[in-house]
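Student: Just dropping this structure here.
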Amino acid sequence: MKFSLKNKTAIVTGGGSGIGKAISKTLAEQGAHIHILELNVDNAAITKNEIEEIGGKAEVHQCNVVNQKDVLEVISAISEKSPIDILINNAGIAHVGNVENTPEDAFDRVYNVNVKGVYNCIYAVVPHMKKKGSGVIINMASIASSVGISDRFAYSMSKGAALTMTYSVAKDYVKDGIRCNCISPARIHTPFVDGFINENYPDTKEEMFEKLSQTQPIGRMGLPEEVANLALYLCSDEASFVTGTNFPIDGGFIKLNG
């Protein structure tokens with residue numbers, strides 16, 4: 001079976017909702033044993049239950065990726081049960097605003113989760129992958145890593161870091177059998193998008209949803225499952241020749257806009 005992940009151990013940060021949930025379920029469907037690292041263990045438990053309902057294996061670990069001690073302890077505990085094959089750095093937060101209306105505390109919060117959190121997980125996982133001589137790391141970047149997006153100063157900063165960390169890790173550990181790539185989605189229809197619209201445009205929800213959908217030249221938002229399918233390919237042995245690459249999944253946004 002192509003894209004099989006049978007007997008693979010995969011860590012997914014932020015696997016309780018949205019893209020992380022879709023990735024967790026998709027990798028589990030292909031045989032991976034999923035370890036979900038989440039602050040919100042209630043959401044993660046729902047993902048776990050849905051994976052188990054389809055015959056998959058999943059475990060939930062409450063973990064704040066900002067705290068390196070927590071990350072090291074959780075990943076060490078996972079590695080004692082089985083070698084770690086896959087790390088998906090998906091946990092992240094957003095912030096709307098240009099540099100003038102991005103206060104220091106908001107900037108620090110985005111940096112801590114989206115940059116330091118990715119670093120912490122890579123830092124914890126790489127020694128285990130080096131020891132076994134193989135591994136796959138996928139960082140969730142964004143179209144904002146590559147092109148300018150209005151009012152996304154702090155978010156763009158953090159996703160630019162995710163992109164360049166990907167290049168650095170891929171270069172440093174290619175001889176150790178570790179592949180590192182990143183995925184750069186455009187707007188994906190997740191509960192976060194629905195919440196953003198409901199909070200900021202309660203009287204024009206349908207109009208705003210359509211406007212945001214049309215931002216992508218293809219005329220709609222992406223689906224979490226579509227991002228998950230790309231992640232599945234990159235995690236699989238079929239992608240064994242692929243490393244150090246950014247994969248936009250954007251409905252034509254980067255190349256066809258303007």
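Note on naming: chains are A, B, ... as they come in the structure tokens, residues start from 1 per chain, ligands start from 1 in the order shown.
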Please build the interface table for region 58-160 of chain A against region 1-11 of chain A with a cut-off of 6 Å, listing for each qualifying residue the nearest atom pair and the distance in Å to one decimal; count only C-alpha atoms, order rows by chain and increasing number, and write it as JSON lines.
Tutor:
{"residue": "A:Ile84", "atom": "CA", "partner": "A:Thr9", "partner_atom": "CA", "distance": 5.3}
{"residue": "A:Asp85", "atom": "CA", "partner": "A:Thr9", "partner_atom": "CA", "distance": 5.3}
{"residue": "A:Ile86", "atom": "CA", "partner": "A:Ala10", "partner_atom": "CA", "distance": 4.4}
{"residue": "A:Leu87", "atom": "CA", "partner": "A:Ile11", "partner_atom": "CA", "distance": 4.8}
Student: Quick one: pick out all alpha helix (DSSP H) residues within region 18-225 of chain A from a backbone DSSP run and write them as a compact mmCIF listing (two decimals) with N, CA and C atoms, in the first residue's frame.
Tutor:
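Output below, filename result_2.txt:
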# COMPACT_ATOMS: atom_id res chain seq x y z
N GLY A 18 -8.55 21.69 13.83
CA GLY A 18 -8.12 22.24 12.55
C GLY A 18 -7.19 21.34 11.76
N ILE A 19 -6.13 21.94 11.24
CA ILE A 19 -5.17 21.21 10.41
C ILE A 19 -4.50 20.11 11.21
N GLY A 20 -4.15 20.38 12.46
CA GLY A 20 -3.49 19.37 13.29
C GLY A 20 -4.34 18.14 13.50
N LYS A 21 -5.63 18.36 13.69
CA LYS A 21 -6.56 17.24 13.85
C LYS A 21 -6.64 16.42 12.57
N ALA A 22 -6.74 17.10 11.44
CA ALA A 22 -6.83 16.40 10.16
C ALA A 22 -5.56 15.60 9.88
N ILE A 23 -4.40 16.18 10.20
CA ILE A 23 -3.14 15.46 10.01
C ILE A 23 -3.08 14.24 10.91
N SER A 24 -3.46 14.40 12.17
CA SER A 24 -3.44 13.28 13.11
C SER A 24 -4.29 12.13 12.61
N LYS A 25 -5.49 12.43 12.15
CA LYS A 25 -6.40 11.38 11.68
C LYS A 25 -5.91 10.73 10.39
N THR A 26 -5.38 11.54 9.49
CA THR A 26 -4.91 11.00 8.21
C THR A 26 -3.71 10.09 8.40
N LEU A 27 -2.75 10.51 9.23
CA LEU A 27 -1.58 9.66 9.47
C LEU A 27 -1.99 8.38 10.20
N ALA A 28 -2.96 8.50 11.11
CA ALA A 28 -3.44 7.31 11.83
C ALA A 28 -4.12 6.32 10.88
N GLU A 29 -4.86 6.84 9.92
CA GLU A 29 -5.52 5.97 8.95
C GLU A 29 -4.52 5.13 8.17
N VAL A 41 -6.37 19.55 26.36
CA VAL A 41 -6.46 18.09 26.29
C VAL A 41 -7.88 17.62 25.99
N ASP A 42 -8.88 18.46 26.25
CA ASP A 42 -10.26 18.07 25.92
C ASP A 42 -10.42 17.93 24.40
N ASN A 43 -9.92 18.92 23.66
CA ASN A 43 -9.97 18.82 22.20
C ASN A 43 -9.15 17.65 21.70
N ALA A 44 -7.97 17.47 22.29
CA ALA A 44 -7.11 16.37 21.88
C ALA A 44 -7.77 15.02 22.13
N ALA A 45 -8.52 14.92 23.23
CA ALA A 45 -9.21 13.67 23.55
C ALA A 45 -10.26 13.33 22.50
N ILE A 46 -10.91 14.35 21.95
CA ILE A 46 -11.89 14.12 20.89
C ILE A 46 -11.19 13.55 19.65
N THR A 47 -10.05 14.15 19.30
CA THR A 47 -9.28 13.62 18.17
C THR A 47 -8.87 12.18 18.42
N LYS A 48 -8.39 11.90 19.62
CA LYS A 48 -7.99 10.54 19.99
C LYS A 48 -9.14 9.57 19.82
N ASN A 49 -10.32 9.95 20.31
CA ASN A 49 -11.48 9.07 20.20
C ASN A 49 -11.86 8.80 18.75
N GLU A 50 -11.80 9.83 17.93
CA GLU A 50 -12.14 9.67 16.52
C GLU A 50 -11.14 8.76 15.82
N ILE A 51 -9.87 8.85 16.19
CA ILE A 51 -8.85 7.97 15.63
C ILE A 51 -9.11 6.52 16.05
N GLU A 52 -9.44 6.33 17.30
CA GLU A 52 -9.69 4.98 17.80
C GLU A 52 -10.94 4.37 17.19
N GLU A 53 -11.91 5.21 16.86
CA GLU A 53 -13.15 4.73 16.22
C GLU A 53 -12.88 4.13 14.84
N GLN A 68 10.42 24.46 27.30
CA GLN A 68 11.34 23.44 26.82
C GLN A 68 11.42 22.23 27.76
N LYS A 69 11.36 22.48 29.05
CA LYS A 69 11.40 21.38 30.01
C LYS A 69 10.24 20.42 29.80
N ASP A 70 9.03 20.97 29.61
CA ASP A 70 7.86 20.14 29.35
C ASP A 70 8.05 19.32 28.07
N VAL A 71 8.51 19.98 27.04
CA VAL A 71 8.69 19.31 25.74
C VAL A 71 9.70 18.17 25.85
N LEU A 72 10.84 18.44 26.48
CA LEU A 72 11.87 17.42 26.64
C LEU A 72 11.35 16.21 27.41
N GLU A 73 10.60 16.47 28.47
CA GLU A 73 10.07 15.37 29.28
C GLU A 73 9.07 14.53 28.51
N VAL A 74 8.16 15.17 27.79
CA VAL A 74 7.15 14.43 27.04
C VAL A 74 7.77 13.61 25.92
N ILE A 75 8.67 14.23 25.16
CA ILE A 75 9.28 13.52 24.04
C ILE A 75 10.19 12.41 24.52
N SER A 76 10.87 12.61 25.64
CA SER A 76 11.68 11.54 26.21
C SER A 76 10.81 10.35 26.61
N ALA A 77 9.65 10.63 27.21
CA ALA A 77 8.74 9.56 27.62
C ALA A 77 8.21 8.80 26.40
N ILE A 78 7.90 9.52 25.34
CA ILE A 78 7.43 8.86 24.12
C ILE A 78 8.51 7.97 23.54
N SER A 79 9.74 8.48 23.49
CA SER A 79 10.85 7.73 22.89
C SER A 79 11.19 6.45 23.66
N GLU A 80 10.86 6.43 24.95
CA GLU A 80 11.12 5.23 25.74
C GLU A 80 10.19 4.09 25.35
N LYS A 81 9.03 4.43 24.79
CA LYS A 81 8.07 3.41 24.35
C LYS A 81 8.37 2.92 22.94
N GLU A 104 4.17 44.77 22.35
CA GLU A 104 5.26 43.85 22.68
C GLU A 104 4.75 42.52 23.20
N ASP A 105 3.73 42.55 24.04
CA ASP A 105 3.25 41.28 24.60
C ASP A 105 2.65 40.38 23.52
N ALA A 106 2.00 40.97 22.53
CA ALA A 106 1.45 40.18 21.43
C ALA A 106 2.57 39.60 20.56
N PHE A 107 3.59 40.43 20.30
CA PHE A 107 4.74 39.95 19.52
C PHE A 107 5.42 38.78 20.23
N ASP A 108 5.63 38.94 21.54
CA ASP A 108 6.30 37.88 22.31
C ASP A 108 5.47 36.60 22.32
N ARG A 109 4.16 36.74 22.43
CA ARG A 109 3.28 35.56 22.46
C ARG A 109 3.36 34.79 21.15
N VAL A 110 3.32 35.49 20.03
CA VAL A 110 3.43 34.83 18.72
C VAL A 110 4.80 34.19 18.57
N TYR A 111 5.84 34.91 18.95
CA TYR A 111 7.20 34.37 18.85
C TYR A 111 7.35 33.10 19.69
N GLY A 117 8.39 27.45 20.08
CA GLY A 117 7.74 26.16 20.18
C GLY A 117 8.25 25.18 19.14
N VAL A 118 8.44 25.66 17.92
CA VAL A 118 9.00 24.81 16.85
C VAL A 118 10.43 24.41 17.19
N TYR A 119 11.21 25.39 17.61
CA TYR A 119 12.59 25.11 18.03
C TYR A 119 12.63 24.07 19.14
N ASN A 120 11.81 24.24 20.17
CA ASN A 120 11.82 23.32 21.30
C ASN A 120 11.56 21.88 20.87
N CYS A 121 10.60 21.69 19.99
CA CYS A 121 10.26 20.34 19.55
C CYS A 121 11.35 19.73 18.68
N ILE A 122 11.91 20.53 17.79
CA ILE A 122 13.02 20.03 16.96
C ILE A 122 14.21 19.69 17.84
N TYR A 123 14.51 20.58 18.78
CA TYR A 123 15.63 20.39 19.70
C TYR A 123 15.49 19.08 20.47
N ALA A 124 14.27 18.76 20.87
CA ALA A 124 14.02 17.56 21.65
C ALA A 124 14.05 16.29 20.81
N VAL A 125 13.60 16.39 19.57
CA VAL A 125 13.42 15.20 18.73
C VAL A 125 14.69 14.79 17.97
N VAL A 126 15.46 15.76 17.51
CA VAL A 126 16.60 15.45 16.64
C VAL A 126 17.57 14.43 17.24
N PRO A 127 17.96 14.52 18.51
CA PRO A 127 18.88 13.50 19.04
C PRO A 127 18.34 12.07 18.93
N HIS A 128 17.03 11.90 19.11
CA HIS A 128 16.43 10.58 18.99
C HIS A 128 16.44 10.09 17.55
N MET A 129 16.17 11.00 16.62
CA MET A 129 16.19 10.64 15.20
C MET A 129 17.60 10.34 14.73
N LYS A 130 18.57 11.11 15.20
CA LYS A 130 19.97 10.83 14.86
C LYS A 130 20.39 9.44 15.32
N LYS A 131 19.96 9.09 16.51
CA LYS A 131 20.34 7.80 17.08
C LYS A 131 19.82 6.65 16.24
N LYS A 132 18.60 6.78 15.70
CA LYS A 132 18.03 5.71 14.88
C LYS A 132 18.38 5.84 13.41
N PHE A 153 2.04 41.33 10.62
CA PHE A 153 3.45 41.56 10.90
C PHE A 153 4.06 40.46 11.76
N ALA A 154 3.52 40.25 12.95
CA ALA A 154 4.10 39.27 13.88
C ALA A 154 3.94 37.85 13.34
N TYR A 155 2.79 37.56 12.78
CA TYR A 155 2.53 36.22 12.23
C TYR A 155 3.49 35.91 11.08
N SER A 156 3.69 36.87 10.19
CA SER A 156 4.60 36.68 9.07
C SER A 156 6.03 36.46 9.56
N MET A 157 6.44 37.23 10.57
CA MET A 157 7.75 37.04 11.17
C MET A 157 7.93 35.61 11.62
N SER A 158 6.94 35.09 12.32
CA SER A 158 7.06 33.75 12.90
C SER A 158 7.07 32.67 11.83
N LYS A 159 6.27 32.85 10.80
CA LYS A 159 6.21 31.83 9.75
C LYS A 159 7.42 31.91 8.82
N GLY A 160 8.01 33.11 8.70
CA GLY A 160 9.29 33.21 8.00
C GLY A 160 10.37 32.43 8.73
N ALA A 161 10.32 32.47 10.06
CA ALA A 161 11.27 31.71 10.86
C ALA A 161 11.06 30.21 10.68
N ALA A 162 9.80 29.78 10.61
CA ALA A 162 9.52 28.35 10.40
C ALA A 162 10.12 27.87 9.07
N LEU A 163 10.02 28.72 8.06
CA LEU A 163 10.58 28.38 6.75
C LEU A 163 12.09 28.24 6.82
N THR A 164 12.77 29.21 7.41
CA THR A 164 14.23 29.17 7.41
C THR A 164 14.78 28.14 8.40
N MET A 165 14.05 27.87 9.48
CA MET A 165 14.44 26.75 10.34
C MET A 165 14.39 25.44 9.57
N THR A 166 13.41 25.32 8.70
CA THR A 166 13.29 24.11 7.87
C THR A 166 14.53 23.93 7.02
N TYR A 167 14.95 24.99 6.35
CA TYR A 167 16.14 24.90 5.50
C TYR A 167 17.38 24.53 6.32
N SER A 168 17.51 25.15 7.48
CA SER A 168 18.68 24.92 8.31
C SER A 168 18.75 23.48 8.81
N VAL A 169 17.64 22.98 9.33
CA VAL A 169 17.61 21.61 9.86
C VAL A 169 17.83 20.60 8.74
N ALA A 170 17.22 20.83 7.59
CA ALA A 170 17.41 19.92 6.46
C ALA A 170 18.88 19.85 6.06
N LYS A 171 19.54 20.99 6.05
CA LYS A 171 20.96 21.04 5.66
C LYS A 171 21.84 20.36 6.70
N ASP A 172 21.58 20.63 7.97
CA ASP A 172 22.45 20.14 9.04
C ASP A 172 22.35 18.63 9.26
N TYR A 173 21.19 18.05 8.95
CA TYR A 173 20.98 16.65 9.34
C TYR A 173 20.67 15.72 8.18
N PRO A 191 -12.07 25.84 12.25
CA PRO A 191 -12.86 26.54 13.27
C PRO A 191 -12.31 27.92 13.62
N PHE A 192 -10.99 28.11 13.47
CA PHE A 192 -10.39 29.42 13.73
C PHE A 192 -10.96 30.47 12.78
N VAL A 193 -11.08 30.13 11.51
CA VAL A 193 -11.63 31.06 10.52
C VAL A 193 -13.08 31.40 10.85
N ASP A 194 -13.86 30.38 11.18
CA ASP A 194 -15.27 30.62 11.53
C ASP A 194 -15.37 31.52 12.76
N GLY A 195 -14.51 31.27 13.75
CA GLY A 195 -14.52 32.09 14.95
C GLY A 195 -14.14 33.53 14.67
N PHE A 196 -13.14 33.71 13.80
CA PHE A 196 -12.70 35.05 13.43
C PHE A 196 -13.82 35.82 12.75
N ILE A 197 -14.54 35.17 11.84
CA ILE A 197 -15.63 35.83 11.13
C ILE A 197 -16.78 36.14 12.09
N ASN A 198 -17.14 35.18 12.93
CA ASN A 198 -18.26 35.39 13.86
C ASN A 198 -17.98 36.53 14.82
N GLU A 199 -16.71 36.65 15.25
CA GLU A 199 -16.36 37.68 16.23
C GLU A 199 -16.27 39.06 15.61
N ASN A 200 -15.71 39.13 14.41
CA ASN A 200 -15.42 40.44 13.81
C ASN A 200 -16.45 40.91 12.79
N LYS A 205 -21.57 37.74 7.94
CA LYS A 205 -20.76 36.52 7.98
C LYS A 205 -20.64 35.85 6.61
N GLU A 206 -21.75 35.70 5.91
CA GLU A 206 -21.71 35.01 4.62
C GLU A 206 -20.91 35.81 3.59
N GLU A 207 -21.11 37.13 3.61
CA GLU A 207 -20.39 38.01 2.68
C GLU A 207 -18.88 37.94 2.94
N MET A 208 -18.48 37.98 4.21
CA MET A 208 -17.06 37.95 4.55
C MET A 208 -16.46 36.58 4.23
N PHE A 209 -17.21 35.51 4.48
CA PHE A 209 -16.70 34.18 4.15
C PHE A 209 -16.41 34.08 2.66
N GLU A 210 -17.31 34.60 1.85
CA GLU A 210 -17.12 34.55 0.40
C GLU A 210 -15.93 35.42 -0.01
N LYS A 211 -15.79 36.59 0.62
CA LYS A 211 -14.66 37.47 0.30
C LYS A 211 -13.33 36.80 0.63
N LEU A 212 -13.25 36.16 1.79
CA LEU A 212 -12.02 35.47 2.17
C LEU A 212 -11.76 34.27 1.26
N SER A 213 -12.82 33.62 0.85
CA SER A 213 -12.67 32.47 -0.07
C SER A 213 -12.09 32.91 -1.40
N PRO A 224 -8.77 21.31 5.64
CA PRO A 224 -7.72 20.71 6.47
C PRO A 224 -7.25 19.36 5.94
N GLU A 225 -8.18 18.59 5.40
CA GLU A 225 -7.84 17.26 4.88
C GLU A 225 -6.89 17.34 3.68
Student: Using only C-alpha atoms, which residue out of A:Leu232, A:Ile183, A:Ile188, A:Ala144 lies closest to Arg220 (chain A)?
Tutor: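 Looking at the shortest contact to Arg220 (chain A), the residue is A:Ile188.
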Student: At what distance in Å, to one decimal, does CA of Asn139 (chain A) lie from CA of Lys57 (chain A)?
Tutor: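 It comes out at 22.5 Å.
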Student: Name the closest residue to Thr245 (chain A) among the candidates A:Ser82, A:Thr190, A:Ser17, A:Asn181; distances are taken between atoms, counting only C-alpha atoms.
Tutor: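 Among the listed residues, the smallest separation from Thr245 (chain A) belongs to A:Asn181.
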Student: Run DSSP on the backbone and grab whatever in region 1-75 of chain A lands in strand (DSSP E or B); send it over as number ranges by chain.
Tutor: A: 9-13, 33-38, 57-62
Student: Can you write just those residues out, C-alpha atoms, as a tab-separated table (two decimals), in the first residue's frame?
Tutor:
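The result, stored in result-v8.tsv:
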chain	number	residue	atom	x	y	z
A	9	THR	CA	5.42	6.79	15.63
A	10	ALA	CA	4.29	10.34	14.88
A	11	ILE	CA	4.17	13.38	17.15
A	12	VAL	CA	1.68	16.10	16.17
A	13	THR	CA	1.65	19.37	18.09
A	33	HIS	CA	0.71	5.64	16.17
A	34	ILE	CA	-0.16	9.26	16.92
A	35	HIS	CA	1.03	11.23	19.95
A	36	ILE	CA	-0.87	14.50	20.24
A	37	LEU	CA	0.86	17.30	22.16
A	38	GLU	CA	-1.77	19.83	23.22
A	57	LYS	CA	-3.84	4.34	17.77
A	58	ALA	CA	-3.45	7.68	19.54
A	59	GLU	CA	-2.28	9.10	22.84
A	60	VAL	CA	-2.71	12.57	24.33
A	61	HIS	CA	0.01	14.47	26.18
A	62	GLN	CA	-0.71	17.80	27.84
Student: Given only C-alpha atoms as the basis, pick out the residue of A:Met221, A:Thr243, A:Ser150, A:Leu39 nearest to Gly177 (chain A).
Tutor: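 Once distances to Gly177 (chain A) are computed over only C-alpha atoms, the minimum belongs to A:Thr243.
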Student: Would you mind telling me which residue in A:Pro202, A:Gly14, A:Gly97, A:Pro83 lies nearest to Asn114 (chain A) when using only C-alpha atoms?
Tutor: A:Gly14
Student: Do you have the CA of Met140 (chain A)-CA of Glu100 (chain A) distance handy?
Tutor: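 So the answer is 26.2 Å.
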Student: Measure the distance from CA of Cys180 (chain A) to CA of Ile137 (chain A) in Å and round it to one decimal.
Tutor: 4.6 Å
